[in-house]
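> This is the content of final-v5.cif (mmCIF, C-alpha atoms):
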```
data_work
loop_
_atom_site.label_atom_id
_atom_site.label_comp_id
_atom_site.auth_asym_id
_atom_site.auth_seq_id
_atom_site.Cartn_x
_atom_site.Cartn_y
_atom_site.Cartn_z
CA MET Y 91 16.93 142.93 7.92
CA LEU Y 92 19.42 143.10 5.07
CA MET Y 93 20.40 139.94 3.20
CA ILE Y 94 23.97 140.46 1.99
CA SER Y 95 25.55 138.06 -0.51
CA ALA Y 96 29.23 137.38 -1.19
CA ASP Y 97 29.14 140.00 -3.95
CA GLY Y 98 27.54 142.42 -1.52
CA VAL Y 99 30.37 141.86 0.94
CA ASP Y 100 32.90 142.59 -1.82
CA ARG Y 101 31.11 145.81 -2.75
CA ALA Y 102 30.91 146.96 0.85
CA LEU Y 103 34.52 146.46 1.93
CA SER Y 104 37.98 147.72 1.03
CA PHE Y 105 41.14 146.09 2.32
CA ALA Y 106 42.65 149.26 3.77
CA GLY Y 107 39.31 150.18 5.33
CA LEU Y 108 38.80 146.82 7.00
CA VAL Y 109 42.37 146.77 8.32
CA GLU Y 110 41.61 150.04 10.11
CA ALA Y 111 38.23 148.78 11.37
CA LEU Y 112 40.01 145.75 12.87
CA ARG Y 113 42.63 148.01 14.43
CA VAL Y 114 39.89 150.00 16.18
CA MET Y 115 38.07 146.83 17.27
CA PHE Y 116 41.17 145.28 18.84
CA ARG Y 117 42.05 148.58 20.48
CA GLU Y 118 38.58 149.08 21.97
CA GLY Y 119 37.85 145.40 22.63
CA ALA Y 120 34.64 143.40 22.60
CA ILE Y 121 33.18 140.54 24.58
CA GLN Y 122 33.79 137.23 22.80
CA PRO Y 123 32.87 134.07 24.71
CA VAL Y 124 34.61 130.79 23.93
CA ARG Y 125 33.12 129.49 20.73
CA HIS Y 126 30.51 126.76 20.95
CA HIS Y 127 31.59 123.50 19.35
CA HIS Y 128 29.00 120.78 18.74
CA THR Y 129 29.33 117.42 16.99
CA ILE Y 130 26.36 116.28 14.90
CA GLU Y 131 26.53 112.53 14.40
CA ARG Y 132 25.46 111.11 11.03
CA PRO Y 133 24.30 107.48 10.82
CA ASP Y 134 25.29 107.29 7.15
CA GLY Y 135 28.57 109.22 7.02
CA ALA Y 136 31.11 111.39 8.77
CA ALA Y 137 29.92 113.56 11.64
CA SER Y 138 29.34 117.24 11.00
CA THR Y 139 30.47 120.05 13.28
CA LEU Y 140 28.43 123.08 14.28
CA LEU Y 141 30.38 126.14 15.43
CA LEU Y 142 28.81 129.22 17.01
CA MET Y 143 31.06 132.26 17.44
CA PRO Y 144 29.40 135.19 19.25
CA ALA Y 145 30.74 138.64 20.09
CA TRP Y 146 29.24 141.93 21.20
CA GLY Y 147 30.22 145.39 22.32
CA ASP Y 148 28.70 148.73 23.33
CA PHE Y 149 29.90 150.81 20.41
CA GLY Y 150 28.46 152.06 17.18
CA ALA Y 151 29.70 153.21 13.84
CA ALA Y 152 28.23 156.17 11.99
CA GLY Y 153 24.69 155.38 10.97
CA THR Y 154 24.36 152.39 13.31
CA SER Y 155 22.84 151.91 16.73
CA ALA Y 156 24.52 153.79 19.58
CA GLY Y 157 23.81 150.73 21.69
CA GLY Y 158 26.30 148.71 19.74
CA HIS Y 159 25.88 145.35 18.08
CA VAL Y 160 25.69 141.66 18.79
CA GLY Y 161 26.98 139.27 16.17
CA VAL Y 162 27.28 135.53 15.80
CA LYS Y 163 28.90 133.48 13.06
CA ILE Y 164 27.22 130.14 12.47
CA VAL Y 165 29.45 127.63 10.71
CA THR Y 166 28.99 124.00 9.75
CA VAL Y 167 31.76 121.65 8.69
CA SER Y 168 30.48 118.62 6.79
CA PRO Y 169 33.35 116.46 5.48
CA ASP Y 170 31.14 114.43 3.14
CA ASN Y 171 29.98 117.48 1.17
CA ASN Y 172 32.58 116.87 -1.52
CA THR Y 173 30.59 113.83 -2.65
CA VAL Y 174 27.71 116.13 -3.61
CA GLY Y 175 29.86 118.91 -5.05
CA LYS Y 176 29.49 121.34 -2.17
CA PRO Y 177 32.08 123.03 0.08
CA ALA Y 178 32.77 121.29 3.38
CA VAL Y 179 32.54 124.60 5.27
CA MET Y 180 29.34 126.65 5.17
CA GLY Y 181 28.51 129.72 7.19
CA VAL Y 182 26.43 132.83 7.74
CA TYR Y 183 26.90 135.87 9.95
CA LEU Y 184 23.96 137.32 11.87
CA LEU Y 185 24.25 140.93 13.06
CA LEU Y 186 21.82 142.24 15.68
CA ASP Y 187 21.09 145.63 17.20
CA GLY Y 188 22.93 145.66 20.52
CA LYS Y 189 20.13 147.44 22.40
CA THR Y 190 16.94 145.88 21.05
CA GLY Y 191 18.20 142.59 19.63
CA GLU Y 192 16.58 143.41 16.29
CA PRO Y 193 18.16 141.46 13.41
CA GLN Y 194 20.02 143.90 11.18
CA ALA Y 195 21.76 141.75 8.59
CA LEU Y 196 22.36 138.18 7.50
CA ILE Y 197 25.73 138.13 5.72
CA ASP Y 198 27.54 135.51 3.63
CA GLY Y 199 29.81 133.89 6.20
CA GLN Y 200 32.42 132.37 3.92
CA ARG Y 201 33.21 135.65 2.17
CA LEU Y 202 33.18 137.63 5.42
CA THR Y 203 35.69 135.16 6.89
CA LEU Y 204 38.04 135.48 3.92
CA TRP Y 205 38.06 139.26 4.21
CA ARG Y 206 38.57 139.45 7.96
CA THR Y 207 41.21 136.71 8.04
CA ALA Y 208 43.33 138.37 5.37
CA CYS Y 209 42.91 141.82 6.88
CA ALA Y 210 43.88 140.58 10.36
CA SER Y 211 47.15 139.36 8.82
CA ALA Y 212 47.64 142.72 7.14
CA LEU Y 213 46.92 144.49 10.45
CA ALA Y 214 49.67 142.44 12.08
CA ALA Y 215 51.99 143.28 9.19
CA THR Y 216 51.61 147.00 9.90
CA TYR Y 217 53.45 146.32 13.17
CA LEU Y 218 55.70 143.43 12.15
CA ALA Y 219 56.70 143.63 8.46
CA ARG Y 220 59.42 145.95 7.25
CA GLU Y 221 57.98 149.14 5.81
CA ASP Y 222 59.85 148.53 2.55
CA ALA Y 223 58.69 144.90 2.18
CA SER Y 224 58.02 144.41 -1.54
CA ARG Y 225 58.32 140.65 -2.16
CA LEU Y 226 55.42 138.45 -1.06
CA LEU Y 227 55.41 134.66 -1.09
CA VAL Y 228 52.03 132.97 -0.60
CA VAL Y 229 52.19 129.31 0.39
CA GLY Y 230 48.89 127.71 -0.62
CA ALA Y 231 46.67 128.67 -3.56
CA GLY Y 232 43.28 128.19 -1.94
CA ALA Y 233 40.44 130.67 -1.51
CA LEU Y 234 42.46 132.86 0.88
CA CYS Y 235 45.35 133.38 -1.54
CA PRO Y 236 44.04 136.43 -3.48
CA PHE Y 237 42.67 137.99 -0.31
CA LEU Y 238 46.04 137.72 1.42
CA VAL Y 239 47.77 139.26 -1.59
CA LYS Y 240 45.38 142.19 -1.74
CA ALA Y 241 45.34 142.74 2.02
CA HIS Y 242 49.13 142.76 2.38
CA SER Y 243 49.41 144.97 -0.70
CA SER Y 244 47.12 147.50 0.98
CA VAL Y 245 49.61 148.05 3.83
CA ARG Y 246 53.03 147.40 2.26
CA PRO Y 247 54.54 148.29 -1.17
CA ILE Y 248 54.25 144.79 -2.63
CA LYS Y 249 55.71 144.68 -6.15
CA GLN Y 250 56.26 140.96 -6.77
CA ILE Y 251 54.16 137.96 -5.71
CA ARG Y 252 55.18 134.34 -5.93
CA ILE Y 253 52.84 131.43 -5.17
CA TRP Y 254 53.79 127.92 -4.14
CA ASN Y 255 51.17 125.18 -4.07
CA ARG Y 256 51.34 121.39 -3.78
CA THR Y 257 49.43 121.18 -7.07
CA PRO Y 258 51.29 123.56 -9.41
CA ALA Y 259 48.35 123.88 -11.81
CA ASN Y 260 46.19 125.36 -9.06
CA GLY Y 261 48.96 127.76 -8.17
CA GLU Y 262 49.14 128.93 -11.77
CA LYS Y 263 45.36 129.51 -11.83
CA ALA Y 264 45.70 131.74 -8.75
CA ALA Y 265 48.63 133.62 -10.28
CA GLU Y 266 46.77 134.13 -13.55
CA ALA Y 267 43.77 135.59 -11.72
CA LEU Y 268 46.05 137.97 -9.83
CA ARG Y 269 47.73 139.05 -13.06
CA ARG Y 270 44.31 139.92 -14.48
CA ASP Y 271 43.88 142.17 -11.43
CA GLY Y 272 47.13 143.95 -12.22
CA PHE Y 273 49.57 142.16 -9.90
CA GLU Y 274 52.99 140.88 -10.94
CA ALA Y 275 52.37 137.27 -9.88
CA SER Y 276 54.07 134.01 -10.79
CA THR Y 277 54.38 130.47 -9.44
CA VAL Y 278 57.40 128.66 -8.01
CA THR Y 279 58.17 124.97 -7.56
CA ASP Y 280 61.17 125.35 -5.22
CA LEU Y 281 59.67 126.42 -1.91
CA ASP Y 282 62.97 126.52 -0.05
CA ASP Y 283 64.46 128.94 -2.58
CA ALA Y 284 61.33 131.13 -2.52
CA LEU Y 285 61.50 131.37 1.28
CA GLY Y 286 64.91 133.00 0.97
CA TRP Y 287 63.59 135.44 -1.65
CA ALA Y 288 60.56 136.75 0.25
CA ASP Y 289 60.17 139.79 2.50
CA ILE Y 290 56.78 138.46 3.66
CA VAL Y 291 55.80 134.78 3.73
CA SER Y 292 52.05 134.26 4.06
CA CYS Y 293 51.11 130.62 4.61
CA ALA Y 294 47.50 129.43 4.28
CA THR Y 295 47.42 125.63 4.23
CA ILE Y 296 46.06 122.73 6.25
CA SER Y 297 49.44 121.04 6.44
CA SER Y 298 50.40 118.87 9.40
CA GLU Y 299 54.06 118.86 8.28
CA PRO Y 300 55.99 122.15 8.47
CA LEU Y 301 56.45 123.87 5.12
CA VAL Y 302 58.24 127.04 6.24
CA LYS Y 303 61.81 126.12 7.14
CA GLY Y 304 63.43 128.61 9.46
CA ALA Y 305 66.92 127.96 8.12
CA ARG Y 306 65.81 129.24 4.71
CA LEU Y 307 64.46 132.59 5.92
CA LYS Y 308 66.56 135.68 5.32
CA ALA Y 309 67.08 138.40 7.90
CA GLY Y 310 64.18 140.85 8.06
CA THR Y 311 61.50 138.42 6.87
CA HIS Y 312 57.99 138.55 8.30
CA VAL Y 313 56.20 135.16 8.49
CA ASP Y 314 52.39 135.18 8.50
CA LEU Y 315 50.87 131.81 9.48
CA VAL Y 316 47.15 131.62 8.75
CA GLY Y 317 46.16 128.09 7.84
CA GLY Y 318 46.85 125.77 10.76
CA PHE Y 319 43.79 125.94 13.01
CA THR Y 320 44.13 122.77 15.13
CA PRO Y 321 46.86 121.61 17.53
CA GLN Y 322 47.80 118.88 15.04
CA MET Y 323 48.48 121.25 12.12
CA ARG Y 324 51.85 122.87 11.60
CA GLU Y 325 53.06 125.30 8.93
CA ALA Y 326 56.48 126.40 10.28
CA ASP Y 327 59.25 124.28 11.75
CA ASP Y 328 61.03 124.59 15.09
CA GLU Y 329 63.92 126.55 13.57
CA ALA Y 330 61.49 129.22 12.36
CA ILE Y 331 60.14 129.52 15.89
CA ARG Y 332 63.65 129.68 17.34
CA ARG Y 333 64.83 132.40 14.96
CA ALA Y 334 61.73 134.58 15.09
CA ARG Y 335 60.17 137.05 17.47
CA VAL Y 336 56.74 135.48 17.92
CA PHE Y 337 53.35 137.26 17.96
CA VAL Y 338 49.73 136.02 17.86
CA ASP Y 339 46.27 137.37 17.16
CA THR Y 340 44.91 136.34 20.58
CA ARG Y 341 46.86 134.60 23.30
CA ALA Y 342 43.91 132.45 24.37
CA GLY Y 343 43.15 131.20 20.86
CA ALA Y 344 46.70 130.63 19.66
CA GLY Y 345 47.79 128.97 22.88
CA LYS Y 346 44.95 126.46 22.68
CA GLU Y 347 44.24 125.83 18.99
CA ALA Y 348 47.33 126.63 16.90
CA GLY Y 349 49.78 123.78 16.39
CA ASP Y 350 52.48 126.29 15.44
CA ILE Y 351 52.29 127.60 19.01
CA VAL Y 352 50.95 124.60 20.97
CA GLN Y 353 53.56 122.11 19.76
CA PRO Y 354 56.66 124.31 20.36
CA LEU Y 355 55.32 125.23 23.80
CA ALA Y 356 54.86 121.56 24.67
CA SER Y 357 58.33 120.57 23.45
CA GLY Y 358 60.13 123.47 25.08
CA VAL Y 359 61.24 125.03 21.79
CA LEU Y 360 59.08 128.06 22.62
CA ALA Y 361 58.86 129.49 26.14
CA ALA Y 362 55.58 131.15 27.05
CA ASP Y 363 57.27 134.50 27.61
CA ARG Y 364 58.59 134.42 24.04
CA VAL Y 365 55.06 135.00 22.74
CA LEU Y 366 55.74 138.70 22.85
CA ALA Y 367 52.35 140.28 22.10
CA ASP Y 368 48.90 139.80 20.64
CA LEU Y 369 46.88 142.19 18.52
CA PHE Y 370 45.22 143.72 21.57
CA GLU Y 371 48.61 144.72 22.97
CA LEU Y 372 50.01 145.88 19.64
CA THR Y 373 47.04 148.07 18.71
CA ARG Y 374 46.92 149.64 22.20
CA GLY Y 375 50.64 150.37 22.22
CA ASP Y 376 51.20 148.19 25.27
CA LYS Y 377 53.84 146.17 23.41
CA THR Y 378 56.04 146.98 20.43
CA GLY Y 379 56.27 145.03 17.20
CA ARG Y 380 59.30 144.96 14.90
CA ALA Y 381 62.33 146.35 16.68
CA SER Y 382 64.93 146.21 13.88
CA ALA Y 383 65.24 145.76 10.12
CA GLU Y 384 67.21 142.52 10.50
CA GLU Y 385 65.02 140.51 12.85
CA ILE Y 386 62.61 137.80 11.72
CA THR Y 387 59.03 138.21 12.95
CA LEU Y 388 56.35 135.51 13.03
CA PHE Y 389 52.62 136.05 13.44
CA LYS Y 390 50.20 133.21 14.13
CA SER Y 391 46.52 133.78 13.44
CA VAL Y 392 43.67 131.47 14.43
CA GLY Y 393 40.81 133.95 14.14
CA ALA Y 394 38.63 135.72 16.68
CA ALA Y 395 34.92 136.47 16.88
CA LEU Y 396 35.54 140.19 17.29
CA GLU Y 397 37.14 140.18 13.82
CA ASP Y 398 33.86 138.89 12.37
CA LEU Y 399 31.98 141.52 14.36
CA ALA Y 400 34.15 144.35 13.02
CA ALA Y 401 33.73 143.09 9.47
CA GLY Y 402 30.00 142.53 9.90
CA ILE Y 403 29.47 146.08 11.19
CA ALA Y 404 31.53 147.47 8.31
CA VAL Y 405 29.50 145.53 5.73
CA TYR Y 406 26.18 146.52 7.31
CA THR Y 407 27.12 150.20 7.57
CA ALA Y 408 28.28 150.40 3.95
CA SER Y 409 25.26 148.48 2.66
CA ARG Y 410 22.82 150.91 4.25
CA THR Y 411 24.27 153.99 2.59
#
```
Go through the file and emit its structure as structure tokens.

Amino acid sequence: MLMISADGVDRALSFAGLVEALRVMFREGAIQPVRHHHTIERPDGAASTLLLMPAWGDFGAAGTSAGGHVGVKIVTVSPDNNTVGKPAVMGVYLLLDGKTGEPQALIDGQRLTLWRTACASALAATYLAREDASRLLVVGAGALCPFLVKAHSSVRPIKQIRIWNRTPANGEKAAEALRRDGFEASTVTDLDDALGWADIVSCATISSEPLVKGARLKAGTHVDLVGGFTPQMREADDEAIRRARVFVDTRAGAGKEAGDIVQPLASGVLAADRVLADLFELTRGDKTGRASAEEITLFKSVGAALEDLAAGIAVYTASRT
């Protein structure tokens, strides 16, 4: 069994390559049961959460088992970890041989998640963003920020990047790191103005108050909502939902967990039939994405276990060669 670190994940993957691996995975499909969610009570602090996200399929990449693979991401969320200087979210990904059950790889779960999340957004952008989109606004300067920049830049001709963050100093750190990597990146303090500048708005926050105001979006913008992962979180306001053609990564996940979809559905701002397609339908050609240069598109991602499986197989395959 291979033990693959965060650096090993970085060496194994490319953004364009993983976008295509995700495209194939959504097109072919995989079995992904509802994730297991367990609360671990702590007598001396906040409860922890254990998440188990399995997926499997009867397929194989070059150099891997013809019987396919089984994978499970094991994640813990421990809110009190900040008191001991550790991240609240920890995780590993276990990849197994689909025929024998033999463990094949144990992979750094945090880094794998960053890669697959950003590349799922970029996959959606291949159907929903204008082909000439060159201005990218990232809302939120957390760990996902550079991954979203690099993923979107692998599928669209991004020339300028602007970053908005609640703490400007952290935004500037993210921009500086991107400049060292060769990107033309800067920070902004006026989010409303930046929304009107962008061709693609990629939002990765844990906000419960909408940050993306639909009235500020220009015609032709693509909105990529990544951060809100509970029904209480919200990154875009009702006007953004009203003005946009709405798409999701998976209908089951977004309709249950994503506040940007759940809340507008509950209030009547968004009718169920206005969720036009998910990534399964887009990759299979069952539904179309962007229909004109002027329309606003909105993609809501909450994550799916088959994305982890695709990324895990790609890392394992590259690490064996």
> Check which residues satisfy the PyMOL selection byres ((chain Y and resi 280-285) around 12) in the file shown, then give them as a PyMOL selection string.
chain Y and resi 225-230+250-256+258+276-279+286-293+300-313+326+330
> So which residues touch region 405-409 of chain Y within 12 Å, counting all atoms listed in the file, skipping near sequence neighbours fewer than 4 positions away, as a PyMOL selection string?
chain Y and resi 91-104+107-108+111+150-155+159+161+183-187+193-199+201-202+205-206+398-401
> Ranking Y:Ala294, Y:Leu355, Y:Leu366, Y:Val162 by minimum distance to Leu234 (chain Y) and counting all atoms listed in the file, which one comes first?
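So, comparing all the options, the nearest one is Y:Ala294.
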> Rank Y:Arg220, Y:Arg270, Y:Arg380, Y:His127 by their smallest atom-to-atom distance to Pro236 (chain Y), using all atoms listed in the file, and report the top residue only.
Y:Arg270
> Show me, as a CSV table (one decimal) with C-alpha atoms, in the coordinates of the input, the residues that have an atom within 8 Å of Ala395 (chain Y) when counting all atoms listed in the file, minus same-chain residues fewer than 5 positions from it.

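Contents of selection_7.csv, as written:
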```
chain,number,residue,atom,x,y,z
Y,122,GLN,CA,33.8,137.2,22.8
Y,143,MET,CA,31.1,132.3,17.4
Y,144,PRO,CA,29.4,135.2,19.2
Y,145,ALA,CA,30.7,138.6,20.1
Y,162,VAL,CA,27.3,135.5,15.8
Y,163,LYS,CA,28.9,133.5,13.1
```
> Counting all atoms listed in the file, find the residues whose atoms lie at most 10 Å from (37.5, 144.1, 14.0) (file coordinates) and write them out as a ChimeraX atom specification.
/Y:108-120,206,209-210,394-404
> Got time to write the residues from that selection, C-alpha atoms, as a compact mmCIF listing (two decimals), in the coordinates of the input?

```txt
# COMPACT_ATOMS: atom_id res chain seq x y z
CA LEU Y 108 38.80 146.82 7.00
CA VAL Y 109 42.37 146.77 8.32
CA GLU Y 110 41.61 150.04 10.11
CA ALA Y 111 38.23 148.78 11.37
CA LEU Y 112 40.01 145.75 12.87
CA ARG Y 113 42.63 148.01 14.43
CA VAL Y 114 39.89 150.00 16.18
CA MET Y 115 38.07 146.83 17.27
CA PHE Y 116 41.17 145.28 18.84
CA ARG Y 117 42.05 148.58 20.48
CA GLU Y 118 38.58 149.08 21.97
CA GLY Y 119 37.85 145.40 22.63
CA ALA Y 120 34.64 143.40 22.60
CA ARG Y 206 38.57 139.45 7.96
CA CYS Y 209 42.91 141.82 6.88
CA ALA Y 210 43.88 140.58 10.36
CA ALA Y 394 38.63 135.72 16.68
CA ALA Y 395 34.92 136.47 16.88
CA LEU Y 396 35.54 140.19 17.29
CA GLU Y 397 37.14 140.18 13.82
CA ASP Y 398 33.86 138.89 12.37
CA LEU Y 399 31.98 141.52 14.36
CA ALA Y 400 34.15 144.35 13.02
CA ALA Y 401 33.73 143.09 9.47
CA GLY Y 402 30.00 142.53 9.90
CA ILE Y 403 29.47 146.08 11.19
CA ALA Y 404 31.53 147.47 8.31
```
> Please indicate the distance in Å from CA of Glu131 (chain Y) to CA of Arg324 (chain Y), rounded to one decimal place.
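So the answer is 27.5 Å.
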> Please measure the separation of CA of Lys249 (chain Y) and CA of Leu213 (chain Y), giving the value in Å to one decimal.
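So the two atoms, CA of Lys249 (chain Y) and CA of Leu213 (chain Y), lie 18.8 Å apart.
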> Determine the residue set returned by the PyMOL selection byres ((chain Y and resi 369) around 7) for the present structure, and present it as number ranges by chain.
Y: 116, 338-340, 367-368, 370-373
> Take CA of Ile386 (chain Y) and CA of Asp314 (chain Y) and report the distance between them in Å, one decimal.
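Taking CA of Ile386 (chain Y) as the start and CA of Asp314 (chain Y) as the end point, the length is 11.0 Å.
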> Expanded to explicit residues, what is the PyMOL selection byres ((chain Y and resi 322) around 10) for this file, as a list in words?
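Taken on the displayed file, the PyMOL selection byres ((chain Y and resi 322) around 10) yields the residues Ile296, Ser297, Ser298, Glu299, Gly318, Phe319, Thr320, Pro321, Met323, Arg324, Glu347, Ala348, Gly349, Asp350, Val352 and Gln353 of chain Y.
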> Nearest to Val316 (chain Y): which of Y:Ser224, Y:Thr387, Y:Ser211, Y:Gln200 is it, counting all atoms listed in the file?
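Using all atoms listed in the file, the shortest distance to Val316 (chain Y) belongs to Y:Ser211.
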> Listed atoms of region 361-375 of chain Y, axis-aligned box, 4 Å per side: centre and edge lengths to one decimal in Å, as JSON?

```
{"center_x": 52.0, "center_y": 139.9, "center_z": 23.1, "size_x": 21.6, "size_y": 28.9, "size_z": 17.1}
```
> So, counting only C-alpha atoms, which residue among Y:Ala231, Y:Val182, Y:Ala334, Y:Leu360 is closest to Thr295 (chain Y)?
Y:Ala231
> Given all atoms listed in the file as the basis, pick out the residue of Y:Thr207, Y:Thr411, Y:Ser243, Y:Thr257 nearest to Asp222 (chain Y).
Y:Ser243
> With only C-alpha atoms as the atoms that count, which of Y:Gly345, Y:Gly317, Y:Gly175, Y:Pro169 lies nearest to Leu204 (chain Y)?
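Answer, going by the shortest atom-to-atom distance: Y:Gly317.
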